[in-house]
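**Student:** What follows is a single structure, and I will ask about it in a moment.
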Amino acid sequence: MYAQILMNIMKSLFDQNNSKEIICRINNLKPDSEALWGRMNVAQMLTHVQTPLMVLFGEMKLKRGLIGMLFGSIAKKQLTGEKPFKQNLPTAPKFVVSDSRNFEEEKKKIINMIERFTSLGEKSIANKNHPFFGNMTTEEWDNLQWKHLDHHLRQFGA
């Protein structure tokens, strides 16, 4: 397991092979895939991982709050660094998905978003500011997207 985590460090969704790997892992999920930790079901997770991409694409506008201004840069260094995300990290309220979702629809949406991110490359990043972390470089956005997707796919054993 640890070797698998190390292999995932610093991969890029801008890289076609890495993008295909993530999509393959998503396609391995089933509507009844069980979480190894956390409260979301698999359809909710597929919806949840879309939200940071929506922020990145400029499709979801969120204001930066006081906590983000005070602690965002510290957290950004940890979450965009080489180490995988820890289990059960807190989630911003706007990114919480608690209602029922259609697994197949959400799976299609996230795959389309990943393909869009990969095909557009750096042009996909319409929003350089993250609502918690503040100003982000292209590399930080890319790394954060990869790590977030990897984290939640590991959550469901994919």
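Labels for the structure tokens follow display order: chains A, B, ..., residues from 1 in each chain, ligands from 1.
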So which residues of range 2-155 of chain A fall under helix (DSSP H, G or I) by DSSP, listed as JSON, numbers by chain?
**Tutor:** {"A": [2, 3, 4, 5, 6, 7, 8, 16, 17, 18, 19, 20, 21, 22, 23, 24, 25, 26, 27, 42, 43, 44, 45, 46, 47, 48, 50, 51, 52, 53, 54, 55, 56, 57, 66, 67, 68, 69, 70, 71, 72, 73, 74, 75, 76, 77, 78, 79, 93, 94, 95, 103, 104, 105, 106, 107, 108, 109, 110, 111, 112, 113, 114, 115, 116, 117, 118, 119, 120, 121, 122, 123, 124, 138, 139, 140, 141, 142, 143, 144, 145, 146, 147, 148, 149, 150, 151, 152, 153, 154, 155]}
**Student:** Near range 47-62 of chain A, within 8 Å and counting only C-alpha atoms, which residues show up once chain neighbours fewer than 5 positions away are dropped, as a ChimeraX atom specification?
**Tutor:** /A:95-97,101,106,109-110,113,124-128,130-131,141,145,148-149,152
**Student:** I'd like to know which of A:Gln78, A:Thr118, A:Asn129, A:Asn102 is closest to Ile23 in chain A, using only C-alpha atoms.
**Tutor:**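 Ranking A:Gln78, A:Thr118, A:Asn129, A:Asn102 by distance to Ile23 in chain A, first place goes to A:Thr118.
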**Student:** For Arg25 in chain A, which residue among A:Ser119, A:Arg39, A:Lys107, A:Glu140 is the nearest when counting only C-alpha atoms?
**Tutor:**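 Under the stated criterion, the closest residue is A:Lys107.
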**Student:** With 12 Å as the cut-off and only C-alpha atoms counted, what is the closest atom pair between each nearby residue of range 101-145 of chain A and range 84-91 of chain A? Distances in Å to one decimal, ordered by chain and number, as a Markdown table.
**Tutor:**
| residue | atom | partner | partner_atom | distance |
| --- | --- | --- | --- | --- |
| A:Phe132 | CA | A:Thr91 | CA | 10.9 |
| A:Asn143 | CA | A:Pro84 | CA | 10.5 |
| A:Leu144 | CA | A:Phe85 | CA | 9.8 |
| A:Gln145 | CA | A:Phe85 | CA | 11.6 |
**Student:** Restricting the output to all heavy atoms, write the selected residues as an mmCIF file, in the first residue's frame.
**Tutor:**
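Listed below is the output, out_15.cif:
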data_model
loop_
_atom_site.group_PDB
_atom_site.id
_atom_site.type_symbol
_atom_site.label_atom_id
_atom_site.label_comp_id
_atom_site.auth_asym_id
_atom_site.auth_seq_id
_atom_site.Cartn_x
_atom_site.Cartn_y
_atom_site.Cartn_z
ATOM 1 N N PHE A 132 -9.526 28.948 -0.219
ATOM 2 C CA PHE A 132 -8.895 28.753 1.086
ATOM 3 C C PHE A 132 -7.396 29.034 1.028
ATOM 4 O O PHE A 132 -6.842 29.700 1.890
ATOM 5 C CB PHE A 132 -9.131 27.328 1.606
ATOM 6 C CG PHE A 132 -8.602 27.110 2.994
ATOM 7 C CD1 PHE A 132 -9.288 27.591 4.094
ATOM 8 C CD2 PHE A 132 -7.410 26.438 3.207
ATOM 9 C CE1 PHE A 132 -8.799 27.414 5.385
ATOM 10 C CE2 PHE A 132 -6.913 26.250 4.491
ATOM 11 C CZ PHE A 132 -7.611 26.739 5.581
ATOM 12 N N ASN A 143 -1.167 19.709 -8.989
ATOM 13 C CA ASN A 143 -0.824 18.761 -7.927
ATOM 14 C C ASN A 143 -1.995 18.567 -6.971
ATOM 15 O O ASN A 143 -2.301 17.445 -6.569
ATOM 16 C CB ASN A 143 0.423 19.237 -7.178
ATOM 17 C CG ASN A 143 1.004 18.178 -6.276
ATOM 18 O OD1 ASN A 143 0.842 16.990 -6.501
ATOM 19 N ND2 ASN A 143 1.696 18.605 -5.246
ATOM 20 N N LEU A 144 -2.651 19.646 -6.623
ATOM 21 C CA LEU A 144 -3.796 19.567 -5.711
ATOM 22 C C LEU A 144 -4.918 18.730 -6.323
ATOM 23 O O LEU A 144 -5.530 17.906 -5.631
ATOM 24 C CB LEU A 144 -4.298 20.972 -5.371
ATOM 25 C CG LEU A 144 -5.371 21.064 -4.291
ATOM 26 C CD1 LEU A 144 -4.848 20.554 -2.956
ATOM 27 C CD2 LEU A 144 -5.848 22.496 -4.165
ATOM 28 N N GLN A 145 -5.183 18.909 -7.616
ATOM 29 C CA GLN A 145 -6.239 18.127 -8.273
ATOM 30 C C GLN A 145 -5.887 16.645 -8.269
ATOM 31 O O GLN A 145 -6.721 15.796 -7.949
ATOM 32 C CB GLN A 145 -6.482 18.611 -9.710
ATOM 33 C CG GLN A 145 -6.970 20.037 -9.822
ATOM 34 C CD GLN A 145 -8.109 20.375 -8.891
ATOM 35 O OE1 GLN A 145 -9.117 19.662 -8.823
ATOM 36 N NE2 GLN A 145 -7.972 21.450 -8.141
#
**Student:** For Glu105 in chain A, which residue out of A:Gly81, A:Gly121, A:Gly65, A:Pro31 is the nearest one, using only C-alpha atoms?
**Tutor:**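 Closest residue, counting only C-alpha atoms: A:Pro31.
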**Student:** Do a neighbour search on Asn28 in chain A at 10 Å with only C-alpha atoms, toss out local chain neighbours closer than 5 positions, and write the hits as a list in words.
**Tutor:**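 Close residues of Asn28 in chain A: Ile22, Ile23, Ser33, Leu153, Phe156, Gly157 and Ala158 of chain A.
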**Student:** Which residue is closest to Asn17 in chain A? Choose from A:Phe71, A:Met45, A:Lys147, A:Glu115 and count only C-alpha atoms.
**Tutor:**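 Looking only at the distances to Asn17 in chain A, the closest residue turns out to be A:Glu115.
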**Student:** Measure the distance from CA of Ser73 in chain A to CA of Gly134 in chain A in Å and round it to one decimal.
**Tutor:**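 Here the two named atoms are 7.0 Å from each other.
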**Student:** I'd like the interatomic distance between CA of Leu46 in chain A and CA of Lys108 in chain A, to a tenth of an Å.
**Tutor:**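 Between CA of Leu46 in chain A and CA of Lys108 in chain A the gap works out to 9.3 Å.
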**Student:** Please measure the separation of CA of Met10 in chain A and CA of Glu82 in chain A, giving the value in Å to one decimal.
**Tutor:**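 Rounded to one decimal, the two atoms are 6.3 Å apart.
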**Student:** Could you please write out, as a PyMOL selection string, every residue of range 55-149 of chain A that DSSP assigns to strand (DSSP E or B)?
**Tutor:** chain A and resi 129-130+134-135
**Student:** Would you mind telling me which residue in A:Gln16, A:Phe133, A:Lys123, A:Glu34 lies nearest to Ala75 in chain A when using only C-alpha atoms?
**Tutor:**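 Nearest candidate to Ala75 in chain A out of A:Gln16, A:Phe133, A:Lys123, A:Glu34: A:Phe133.
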**Student:** Nearest to Glu21 in chain A among A:Glu104, A:Met40, A:Asp150, A:Met136, with distances taken over only C-alpha atoms: which residue is it?
**Tutor:**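 Looking only at the distances to Glu21 in chain A, the closest residue turns out to be A:Asp150.
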